[in-house]
Structure formats: C-alpha cells, structure tokens
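> Structure: entry.txt, compact mmCIF, N, CA and C atoms.
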```
# COMPACT_ATOMS: atom_id res chain seq x y z
N MET A 154 -47.53 90.27 23.83
CA MET A 154 -47.49 91.50 24.60
C MET A 154 -46.77 92.58 23.80
N ASN A 155 -47.06 93.82 24.16
CA ASN A 155 -46.51 94.98 23.47
C ASN A 155 -45.79 95.88 24.47
N ILE A 156 -44.87 96.70 23.97
CA ILE A 156 -44.17 97.67 24.82
C ILE A 156 -45.15 98.76 25.20
N ASP A 157 -45.19 99.09 26.49
CA ASP A 157 -46.10 100.12 27.00
C ASP A 157 -45.61 101.51 26.60
N TYR A 158 -46.56 102.42 26.45
CA TYR A 158 -46.26 103.81 26.14
C TYR A 158 -46.90 104.67 27.21
N PRO A 159 -46.23 105.66 27.76
CA PRO A 159 -44.83 105.99 27.50
C PRO A 159 -43.90 104.91 28.07
N TYR A 160 -42.72 104.86 27.50
CA TYR A 160 -41.74 103.84 27.85
C TYR A 160 -41.41 103.91 29.34
N THR A 161 -41.52 102.78 30.02
CA THR A 161 -41.18 102.70 31.44
C THR A 161 -40.53 101.35 31.73
N ILE A 162 -39.97 101.27 32.92
CA ILE A 162 -39.39 100.02 33.40
C ILE A 162 -40.34 99.45 34.45
N ASP A 163 -40.63 98.15 34.37
CA ASP A 163 -41.54 97.55 35.35
C ASP A 163 -40.80 97.19 36.64
N ALA A 164 -41.52 96.59 37.58
CA ALA A 164 -40.96 96.27 38.89
C ALA A 164 -39.81 95.27 38.83
N SER A 165 -39.78 94.47 37.77
CA SER A 165 -38.70 93.48 37.65
C SER A 165 -37.47 94.05 36.95
N GLY A 166 -37.52 95.34 36.57
CA GLY A 166 -36.37 95.96 35.92
C GLY A 166 -36.35 95.78 34.41
N ARG A 167 -37.44 95.30 33.85
CA ARG A 167 -37.53 95.09 32.40
C ARG A 167 -38.43 96.13 31.77
N THR A 168 -38.43 96.17 30.46
CA THR A 168 -39.31 97.07 29.72
C THR A 168 -40.75 96.71 30.02
N ALA A 169 -41.55 97.71 30.43
CA ALA A 169 -42.96 97.46 30.75
C ALA A 169 -43.71 97.06 29.49
N GLN A 170 -44.60 96.08 29.68
CA GLN A 170 -45.41 95.59 28.56
C GLN A 170 -46.88 95.80 28.86
N THR A 171 -47.69 95.73 27.81
CA THR A 171 -49.12 95.94 27.95
C THR A 171 -49.88 94.99 27.05
N ASP A 172 -51.19 94.86 27.29
CA ASP A 172 -52.00 93.98 26.45
C ASP A 172 -52.39 94.70 25.14
N ASP A 173 -53.04 93.96 24.24
CA ASP A 173 -53.37 94.51 22.93
C ASP A 173 -54.30 95.72 22.99
N ALA A 174 -55.33 95.68 23.83
CA ALA A 174 -56.29 96.78 23.91
C ALA A 174 -55.62 98.05 24.41
N ASP A 175 -54.77 97.94 25.42
CA ASP A 175 -54.07 99.12 25.93
C ASP A 175 -53.04 99.61 24.91
N HIS A 176 -52.44 98.71 24.18
CA HIS A 176 -51.48 99.10 23.14
C HIS A 176 -52.18 99.92 22.06
N ILE A 177 -53.37 99.51 21.67
CA ILE A 177 -54.11 100.28 20.67
C ILE A 177 -54.45 101.66 21.21
N ARG A 178 -54.83 101.75 22.49
CA ARG A 178 -55.08 103.06 23.10
C ARG A 178 -53.82 103.92 23.04
N ASP A 179 -52.67 103.33 23.33
CA ASP A 179 -51.40 104.05 23.24
C ASP A 179 -51.14 104.55 21.83
N LEU A 180 -51.42 103.72 20.83
CA LEU A 180 -51.24 104.13 19.44
C LEU A 180 -52.14 105.30 19.07
N ILE A 181 -53.39 105.27 19.54
CA ILE A 181 -54.31 106.38 19.28
C ILE A 181 -53.76 107.67 19.86
N GLU A 182 -53.26 107.60 21.09
CA GLU A 182 -52.69 108.79 21.73
C GLU A 182 -51.51 109.34 20.93
N GLN A 183 -50.68 108.45 20.43
CA GLN A 183 -49.52 108.88 19.64
C GLN A 183 -49.97 109.57 18.35
N VAL A 184 -50.95 109.02 17.67
CA VAL A 184 -51.44 109.64 16.43
C VAL A 184 -52.05 111.01 16.73
N LEU A 185 -52.87 111.10 17.76
CA LEU A 185 -53.56 112.35 18.06
C LEU A 185 -52.61 113.48 18.45
N PHE A 186 -51.59 113.19 19.23
CA PHE A 186 -50.76 114.24 19.80
C PHE A 186 -49.37 114.36 19.19
N THR A 187 -49.17 113.76 18.03
CA THR A 187 -47.94 113.96 17.28
C THR A 187 -48.25 114.94 16.16
N SER A 188 -47.42 115.93 16.01
CA SER A 188 -47.61 116.92 14.94
C SER A 188 -46.92 116.42 13.68
N PRO A 189 -47.56 116.59 12.51
CA PRO A 189 -46.89 116.20 11.26
C PRO A 189 -45.53 116.90 11.16
N GLY A 190 -44.52 116.14 10.74
CA GLY A 190 -43.17 116.66 10.64
C GLY A 190 -42.33 116.36 11.88
N GLU A 191 -42.94 115.88 12.93
CA GLU A 191 -42.24 115.61 14.18
C GLU A 191 -41.41 114.32 14.11
N ARG A 192 -41.83 113.37 13.31
CA ARG A 192 -41.09 112.10 13.19
C ARG A 192 -40.27 112.12 11.90
N VAL A 193 -39.00 111.82 12.04
CA VAL A 193 -38.06 111.93 10.94
C VAL A 193 -38.42 111.04 9.75
N ASN A 194 -38.66 109.78 9.98
CA ASN A 194 -38.92 108.86 8.88
C ASN A 194 -40.39 108.76 8.49
N ARG A 195 -41.25 109.48 9.17
CA ARG A 195 -42.67 109.52 8.85
C ARG A 195 -43.15 110.96 8.95
N PRO A 196 -42.80 111.78 7.99
CA PRO A 196 -43.10 113.22 8.09
C PRO A 196 -44.59 113.56 8.07
N THR A 197 -45.44 112.66 7.60
CA THR A 197 -46.88 112.95 7.58
C THR A 197 -47.62 112.32 8.75
N PHE A 198 -46.89 111.61 9.62
CA PHE A 198 -47.52 110.95 10.76
C PHE A 198 -48.04 111.99 11.75
N GLY A 199 -49.23 111.77 12.26
CA GLY A 199 -49.81 112.65 13.28
C GLY A 199 -51.08 113.30 12.80
N SER A 200 -51.60 114.18 13.65
CA SER A 200 -52.89 114.80 13.33
C SER A 200 -52.85 116.32 13.26
N GLY A 201 -51.91 116.97 13.91
CA GLY A 201 -51.87 118.42 13.91
C GLY A 201 -52.88 119.06 14.85
N ILE A 202 -53.52 118.26 15.68
CA ILE A 202 -54.57 118.78 16.57
C ILE A 202 -54.01 119.76 17.60
N LEU A 203 -52.79 119.53 18.07
CA LEU A 203 -52.24 120.41 19.10
C LEU A 203 -52.12 121.85 18.61
N GLY A 204 -51.99 122.05 17.32
CA GLY A 204 -51.93 123.40 16.77
C GLY A 204 -53.25 124.15 16.89
N LEU A 205 -54.34 123.42 17.12
CA LEU A 205 -55.66 124.05 17.23
C LEU A 205 -55.97 124.55 18.63
N VAL A 206 -55.15 124.19 19.61
CA VAL A 206 -55.44 124.54 21.01
C VAL A 206 -55.54 126.05 21.19
N PHE A 207 -54.74 126.82 20.47
CA PHE A 207 -54.72 128.26 20.68
C PHE A 207 -55.66 129.03 19.76
N GLU A 208 -56.45 128.31 18.98
CA GLU A 208 -57.46 128.96 18.14
C GLU A 208 -58.66 129.34 19.00
N PRO A 209 -59.42 130.36 18.58
CA PRO A 209 -60.62 130.73 19.36
C PRO A 209 -61.59 129.55 19.44
N ASN A 210 -62.13 129.32 20.62
CA ASN A 210 -63.03 128.20 20.85
C ASN A 210 -64.36 128.46 20.13
N SER A 211 -64.71 127.59 19.21
CA SER A 211 -65.94 127.76 18.44
C SER A 211 -66.36 126.43 17.85
N GLY A 212 -67.51 126.45 17.21
CA GLY A 212 -67.97 125.24 16.53
C GLY A 212 -67.05 124.85 15.40
N ALA A 213 -66.44 125.85 14.75
CA ALA A 213 -65.51 125.56 13.66
C ALA A 213 -64.26 124.85 14.18
N LEU A 214 -63.79 125.25 15.36
CA LEU A 214 -62.63 124.59 15.96
C LEU A 214 -62.94 123.13 16.25
N THR A 215 -64.10 122.89 16.82
CA THR A 215 -64.51 121.52 17.14
C THR A 215 -64.59 120.68 15.87
N ALA A 216 -65.20 121.23 14.84
CA ALA A 216 -65.34 120.50 13.58
C ALA A 216 -63.98 120.22 12.95
N ALA A 217 -63.07 121.19 12.99
CA ALA A 217 -61.73 121.00 12.42
C ALA A 217 -60.96 119.93 13.20
N ALA A 218 -61.06 119.96 14.52
CA ALA A 218 -60.36 118.97 15.34
C ALA A 218 -60.93 117.57 15.10
N GLN A 219 -62.26 117.46 15.01
CA GLN A 219 -62.88 116.17 14.76
C GLN A 219 -62.47 115.62 13.40
N ALA A 220 -62.50 116.47 12.38
CA ALA A 220 -62.14 116.03 11.03
C ALA A 220 -60.68 115.59 10.97
N SER A 221 -59.80 116.36 11.61
CA SER A 221 -58.39 116.02 11.62
C SER A 221 -58.14 114.71 12.36
N ALA A 222 -58.81 114.52 13.49
CA ALA A 222 -58.65 113.29 14.27
C ALA A 222 -59.14 112.07 13.49
N VAL A 223 -60.32 112.18 12.91
CA VAL A 223 -60.87 111.04 12.16
C VAL A 223 -59.97 110.68 10.98
N ALA A 224 -59.54 111.68 10.22
CA ALA A 224 -58.69 111.42 9.05
C ALA A 224 -57.38 110.77 9.45
N SER A 225 -56.75 111.28 10.50
CA SER A 225 -55.47 110.73 10.94
C SER A 225 -55.61 109.31 11.48
N LEU A 226 -56.66 109.09 12.28
CA LEU A 226 -56.86 107.75 12.84
C LEU A 226 -57.18 106.74 11.74
N GLN A 227 -57.95 107.16 10.74
CA GLN A 227 -58.25 106.24 9.63
C GLN A 227 -57.00 105.94 8.82
N GLN A 228 -56.18 106.97 8.59
CA GLN A 228 -54.98 106.77 7.80
C GLN A 228 -53.98 105.85 8.49
N TRP A 229 -53.72 106.10 9.76
CA TRP A 229 -52.65 105.39 10.45
C TRP A 229 -53.09 104.15 11.20
N LEU A 230 -54.35 104.09 11.64
CA LEU A 230 -54.81 102.95 12.44
C LEU A 230 -56.06 102.29 11.86
N GLY A 231 -56.42 102.61 10.65
CA GLY A 231 -57.64 102.09 10.05
C GLY A 231 -57.71 100.58 9.97
N SER A 232 -56.57 99.91 9.93
CA SER A 232 -56.58 98.45 9.89
C SER A 232 -56.80 97.85 11.29
N LEU A 233 -56.62 98.67 12.33
CA LEU A 233 -56.75 98.18 13.70
C LEU A 233 -58.08 98.57 14.36
N ILE A 234 -58.58 99.77 14.04
CA ILE A 234 -59.79 100.28 14.69
C ILE A 234 -60.75 100.88 13.69
N GLN A 235 -62.00 100.96 14.12
CA GLN A 235 -63.03 101.70 13.38
C GLN A 235 -63.54 102.77 14.34
N VAL A 236 -63.31 104.03 13.97
CA VAL A 236 -63.76 105.14 14.82
C VAL A 236 -65.27 105.29 14.66
N THR A 237 -65.98 105.33 15.79
CA THR A 237 -67.44 105.46 15.75
C THR A 237 -67.92 106.81 16.26
N GLY A 238 -67.02 107.57 16.90
CA GLY A 238 -67.40 108.89 17.38
C GLY A 238 -66.25 109.62 18.02
N ILE A 239 -66.28 110.96 17.90
CA ILE A 239 -65.26 111.79 18.52
C ILE A 239 -65.93 113.01 19.12
N ASP A 240 -65.60 113.30 20.37
CA ASP A 240 -66.08 114.51 21.03
C ASP A 240 -64.85 115.33 21.40
N VAL A 241 -64.86 116.61 21.05
CA VAL A 241 -63.71 117.49 21.29
C VAL A 241 -64.13 118.62 22.21
N GLU A 242 -63.32 118.85 23.24
CA GLU A 242 -63.53 119.98 24.15
C GLU A 242 -62.22 120.73 24.29
N SER A 243 -62.30 122.06 24.21
CA SER A 243 -61.12 122.89 24.38
C SER A 243 -61.42 123.94 25.43
N GLU A 244 -60.58 123.97 26.46
CA GLU A 244 -60.74 124.96 27.52
C GLU A 244 -59.37 125.51 27.86
N ASP A 245 -59.21 126.83 27.70
CA ASP A 245 -57.92 127.48 27.88
C ASP A 245 -56.89 126.77 27.00
N ALA A 246 -55.82 126.25 27.58
CA ALA A 246 -54.79 125.58 26.80
C ALA A 246 -54.86 124.07 26.96
N THR A 247 -56.06 123.55 27.26
CA THR A 247 -56.25 122.11 27.44
C THR A 247 -57.23 121.59 26.39
N LEU A 248 -56.82 120.53 25.74
CA LEU A 248 -57.65 119.89 24.72
C LEU A 248 -58.00 118.49 25.21
N THR A 249 -59.29 118.17 25.20
CA THR A 249 -59.76 116.86 25.61
C THR A 249 -60.53 116.22 24.47
N LEU A 250 -60.13 115.02 24.09
CA LEU A 250 -60.81 114.27 23.04
C LEU A 250 -61.34 112.98 23.62
N THR A 251 -62.60 112.68 23.37
CA THR A 251 -63.19 111.42 23.76
C THR A 251 -63.44 110.65 22.47
N ILE A 252 -62.77 109.52 22.34
CA ILE A 252 -62.82 108.72 21.11
C ILE A 252 -63.59 107.44 21.39
N SER A 253 -64.63 107.19 20.59
CA SER A 253 -65.36 105.92 20.62
C SER A 253 -64.89 105.12 19.41
N TYR A 254 -64.52 103.88 19.64
CA TYR A 254 -64.00 103.06 18.54
C TYR A 254 -64.23 101.59 18.81
N THR A 255 -64.08 100.81 17.75
CA THR A 255 -64.19 99.36 17.84
C THR A 255 -62.87 98.76 17.38
N ILE A 256 -62.33 97.86 18.18
CA ILE A 256 -61.11 97.14 17.78
C ILE A 256 -61.53 96.09 16.76
N ARG A 257 -61.00 96.19 15.57
CA ARG A 257 -61.44 95.32 14.47
C ARG A 257 -61.21 93.83 14.75
N ARG A 258 -60.09 93.48 15.32
CA ARG A 258 -59.76 92.06 15.51
C ARG A 258 -60.70 91.38 16.50
N THR A 259 -61.07 92.08 17.57
CA THR A 259 -61.89 91.47 18.61
C THR A 259 -63.34 91.95 18.62
N GLN A 260 -63.62 93.00 17.84
CA GLN A 260 -64.95 93.64 17.81
C GLN A 260 -65.33 94.24 19.17
N GLU A 261 -64.33 94.53 19.99
CA GLU A 261 -64.56 95.16 21.30
C GLU A 261 -64.79 96.66 21.10
N ALA A 262 -65.92 97.15 21.61
CA ALA A 262 -66.21 98.59 21.56
C ALA A 262 -65.57 99.25 22.77
N ARG A 263 -64.88 100.37 22.53
CA ARG A 263 -64.20 101.08 23.62
C ARG A 263 -64.44 102.58 23.50
N VAL A 264 -64.35 103.26 24.63
CA VAL A 264 -64.39 104.72 24.68
C VAL A 264 -63.24 105.15 25.58
N ASP A 265 -62.33 105.95 25.02
CA ASP A 265 -61.18 106.43 25.79
C ASP A 265 -61.09 107.95 25.69
N GLN A 266 -60.60 108.57 26.75
CA GLN A 266 -60.47 110.01 26.79
C GLN A 266 -58.97 110.37 26.80
N PHE A 267 -58.63 111.37 26.01
CA PHE A 267 -57.25 111.81 25.88
C PHE A 267 -57.21 113.31 26.16
N THR A 268 -56.32 113.73 27.05
CA THR A 268 -56.21 115.13 27.41
C THR A 268 -54.78 115.59 27.26
N ARG A 269 -54.61 116.78 26.73
CA ARG A 269 -53.28 117.34 26.58
C ARG A 269 -53.34 118.83 26.86
N SER A 270 -52.45 119.30 27.71
CA SER A 270 -52.31 120.73 27.98
C SER A 270 -51.08 121.22 27.26
N VAL A 271 -51.19 122.39 26.69
CA VAL A 271 -50.06 122.94 25.93
C VAL A 271 -49.58 124.20 26.60
```
Turn the structure described in the file into structure tokens.

Amino acid sequence: MNIDYPYTIDASGRTAQTDDADHIRDLIEQVLFTSPGERVNRPTFGSGILGLVFEPNSGALTAAAQASAVASLQQWLGSLIQVTGIDVESEDATLTLTISYTIRRTQEARVDQFTRSV
C-alpha cells in the first residue's frame, strides 16, 4: 500500500493509504500541477502547465500544454506509465487535462481527468 495524496488521516486515525493504481494517479497529478522550482531538492520536477492558464486560449496553448505534460510525465513517471493520449481544455482560469495511459507493470489502460483552477 501507498500513502494517499493529498495527505489525510483515515477513520482509524492512521495515515490514509491507497492502492497502486490510485497512487500512480496521485503521482500524475503531482507532476502535472507542480511548477518547476517549487520543490527544493528537485528543482526541475513538474510541468509548468499552471503558468499556461492565463495565456490566450488557442490551438498553440493546447499544443504547448500537451507537449509539456507528455515531456514531464515521460521524464518523471516513464518507468511506471506509458502516456497514450492527452486532451487539454482551458476555460477562464480553469485547466482540465484528460490523460490516457497504461500502467506498465499491470498493462492496465486508464483514463483520468485532472482539473485545477488558478
């Protein structure tokens, strides 16, 4: 079992845990929504996608967000997942990413949606 993200306490008063598939989803969320320079001992960790939220909505924005997401996920989670598709939507100050991926260890195909308002 793995520690759940965000960190919480379960009903028994212990650190909440999660299964492997949910843990990988949590890791993807952390990579996508962490800005490079935000983590002290890993200054290049993250994707920088949140900085794109305030850019004018266009095809170029979508392409930049997709490229940034794919590169970051391959760099940080490439040994755990294979990204098969990314859909990016930006509306006002809300960014929604739909990530299609395969968990390498189990070959389980998954699609998860991540939303962040800034």
> So that I can see what lies close to A:Glu242, please list as a JSON list (two decimals) with N, CA and C atoms, in the coordinates of the input the residues with an atom at most 8 Å from it, counting all atoms listed in the file and leaving out residues fewer than 4 positions away in the same chain.

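Saved to selection_2.json:
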```
[["chain", "number", "residue", "atom", "x", "y", "z"],
["A", 215, "THR", "N", -64.10, 122.89, 16.82],
["A", 215, "THR", "CA", -64.51, 121.52, 17.14],
["A", 215, "THR", "C", -64.59, 120.68, 15.87],
["A", 247, "THR", "N", -56.06, 123.55, 27.26],
["A", 247, "THR", "CA", -56.25, 122.11, 27.44],
["A", 247, "THR", "C", -57.23, 121.59, 26.39],
["A", 248, "LEU", "N", -56.82, 120.53, 25.74],
["A", 248, "LEU", "CA", -57.65, 119.89, 24.72],
["A", 248, "LEU", "C", -58.00, 118.49, 25.21],
["A", 249, "THR", "N", -59.29, 118.17, 25.20],
["A", 249, "THR", "CA", -59.76, 116.86, 25.61],
["A", 249, "THR", "C", -60.53, 116.22, 24.47],
["A", 250, "LEU", "N", -60.13, 115.02, 24.09],
["A", 250, "LEU", "CA", -60.81, 114.27, 23.04],
["A", 250, "LEU", "C", -61.34, 112.98, 23.62],
["A", 251, "THR", "N", -62.60, 112.68, 23.37],
["A", 251, "THR", "CA", -63.19, 111.42, 23.76],
["A", 251, "THR", "C", -63.44, 110.65, 22.47]]
```
> Just the number, please: distance in Å from atom CA of A:Arg263 to atom CA of A:His176, one decimal.
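For atom CA of A:Arg263 relative to atom CA of A:His176, the distance reads 12.9 Å.
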> What does the distance between atom CA of A:Ser188 and atom CA of A:Ala222 come to in Å, to one decimal place?
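Taking atom CA of A:Ser188 as the start and atom CA of A:Ala222 as the end point, the length is 11.6 Å.
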> I'd like to know which residues of chain A are helix (DSSP H, G or I) (by DSSP, run on the backbone); could you write them as a PyMOL selection string?
chain A and resi 173-186+202-205+212-230
> Which residue gives the smallest distance to A:Thr168 among A:Leu185, A:Ile234, A:Val223, A:Ile156, with only N, CA and C atoms counted?
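Checking each candidate against A:Thr168, we get A:Ile156 as the closest.
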> Write out as a PyMOL selection string which residues come within 8 Å of A:Ala169 when counting all atoms listed in the file, dropping same-chain ones fewer than 4 positions away.
chain A and resi 154-164
> Would you return as a PyMOL selection string the members of chain A that DSSP assigns to strand (DSSP E) on this structure's backbone?
chain A and resi 155-156+170-171+234-244+247-256+261-270
> Could the residues in this selection be saved with N, CA and C atoms as a compact mmCIF listing (two decimals), keeping the file's coordinate frame?

```
# COMPACT_ATOMS: atom_id res chain seq x y z
N ASN A 155 -47.06 93.82 24.16
CA ASN A 155 -46.51 94.98 23.47
C ASN A 155 -45.79 95.88 24.47
N ILE A 156 -44.87 96.70 23.97
CA ILE A 156 -44.17 97.67 24.82
C ILE A 156 -45.15 98.76 25.20
N GLN A 170 -44.60 96.08 29.68
CA GLN A 170 -45.41 95.59 28.56
C GLN A 170 -46.88 95.80 28.86
N THR A 171 -47.69 95.73 27.81
CA THR A 171 -49.12 95.94 27.95
C THR A 171 -49.88 94.99 27.05
N ILE A 234 -58.58 99.77 14.04
CA ILE A 234 -59.79 100.28 14.69
C ILE A 234 -60.75 100.88 13.69
N GLN A 235 -62.00 100.96 14.12
CA GLN A 235 -63.03 101.70 13.38
C GLN A 235 -63.54 102.77 14.34
N VAL A 236 -63.31 104.03 13.97
CA VAL A 236 -63.76 105.14 14.82
C VAL A 236 -65.27 105.29 14.66
N THR A 237 -65.98 105.33 15.79
CA THR A 237 -67.44 105.46 15.75
C THR A 237 -67.92 106.81 16.26
N GLY A 238 -67.02 107.57 16.90
CA GLY A 238 -67.40 108.89 17.38
C GLY A 238 -66.25 109.62 18.02
N ILE A 239 -66.28 110.96 17.90
CA ILE A 239 -65.26 111.79 18.52
C ILE A 239 -65.93 113.01 19.12
N ASP A 240 -65.60 113.30 20.37
CA ASP A 240 -66.08 114.51 21.03
C ASP A 240 -64.85 115.33 21.40
N VAL A 241 -64.86 116.61 21.05
CA VAL A 241 -63.71 117.49 21.29
C VAL A 241 -64.13 118.62 22.21
N GLU A 242 -63.32 118.85 23.24
CA GLU A 242 -63.53 119.98 24.15
C GLU A 242 -62.22 120.73 24.29
N SER A 243 -62.30 122.06 24.21
CA SER A 243 -61.12 122.89 24.38
C SER A 243 -61.42 123.94 25.43
N GLU A 244 -60.58 123.97 26.46
CA GLU A 244 -60.74 124.96 27.52
C GLU A 244 -59.37 125.51 27.86
N THR A 247 -56.06 123.55 27.26
CA THR A 247 -56.25 122.11 27.44
C THR A 247 -57.23 121.59 26.39
N LEU A 248 -56.82 120.53 25.74
CA LEU A 248 -57.65 119.89 24.72
C LEU A 248 -58.00 118.49 25.21
N THR A 249 -59.29 118.17 25.20
CA THR A 249 -59.76 116.86 25.61
C THR A 249 -60.53 116.22 24.47
N LEU A 250 -60.13 115.02 24.09
CA LEU A 250 -60.81 114.27 23.04
C LEU A 250 -61.34 112.98 23.62
N THR A 251 -62.60 112.68 23.37
CA THR A 251 -63.19 111.42 23.76
C THR A 251 -63.44 110.65 22.47
N ILE A 252 -62.77 109.52 22.34
CA ILE A 252 -62.82 108.72 21.11
C ILE A 252 -63.59 107.44 21.39
N SER A 253 -64.63 107.19 20.59
CA SER A 253 -65.36 105.92 20.62
C SER A 253 -64.89 105.12 19.41
N TYR A 254 -64.52 103.88 19.64
CA TYR A 254 -64.00 103.06 18.54
C TYR A 254 -64.23 101.59 18.81
N THR A 255 -64.08 100.81 17.75
CA THR A 255 -64.19 99.36 17.84
C THR A 255 -62.87 98.76 17.38
N ILE A 256 -62.33 97.86 18.18
CA ILE A 256 -61.11 97.14 17.78
C ILE A 256 -61.53 96.09 16.76
N GLU A 261 -64.33 94.53 19.99
CA GLU A 261 -64.56 95.16 21.30
C GLU A 261 -64.79 96.66 21.10
N ALA A 262 -65.92 97.15 21.61
CA ALA A 262 -66.21 98.59 21.56
C ALA A 262 -65.57 99.25 22.77
N ARG A 263 -64.88 100.37 22.53
CA ARG A 263 -64.20 101.08 23.62
C ARG A 263 -64.44 102.58 23.50
N VAL A 264 -64.35 103.26 24.63
CA VAL A 264 -64.39 104.72 24.68
C VAL A 264 -63.24 105.15 25.58
N ASP A 265 -62.33 105.95 25.02
CA ASP A 265 -61.18 106.43 25.79
C ASP A 265 -61.09 107.95 25.69
N GLN A 266 -60.60 108.57 26.75
CA GLN A 266 -60.47 110.01 26.79
C GLN A 266 -58.97 110.37 26.80
N PHE A 267 -58.63 111.37 26.01
CA PHE A 267 -57.25 111.81 25.88
C PHE A 267 -57.21 113.31 26.16
N THR A 268 -56.32 113.73 27.05
CA THR A 268 -56.21 115.13 27.41
C THR A 268 -54.78 115.59 27.26
N ARG A 269 -54.61 116.78 26.73
CA ARG A 269 -53.28 117.34 26.58
C ARG A 269 -53.34 118.83 26.86
N SER A 270 -52.45 119.30 27.71
CA SER A 270 -52.31 120.73 27.98
C SER A 270 -51.08 121.22 27.26
```
> What is the distance, in Å and to one decimal place, between atom C of A:Phe186 and atom N of A:Arg167?
26.8 Å
> Neighbouring residues of A:Gly201 were defined as those with any atom within 8 Å, considering only N, CA and C atoms; residues of the same chain fewer than 3 positions away were excluded. Please report them as a list in words.
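Answer for this query is Val184, Leu185, Phe186, Thr187, Ser188, Pro189, Phe198, Gly204, Leu205, Val206, Ala218, Ser221, Ala222 and Ser225 of chain A.
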> Here is a test: counting only C-alpha atoms, which residue of A:Gln228, A:Asn194, A:Glu244, A:Val236 is nearest to A:Gln260?
A:Val236
> For A:Glu261, please output as a VMD selection string all residues within 12 Å (counting only C-alpha atoms; exclusion window: fewer than 5 positions along the same chain).
chain A and resid 173 to 174 177 233 to 236 253 to 256
> Rank nothing, just name the residue among A:Val264, A:Arg258, A:Arg269, A:Ala213 nearest to A:Ser232, using all atoms listed in the file.
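Counting all atoms listed in the file, the residue closest to A:Ser232 is A:Arg258.
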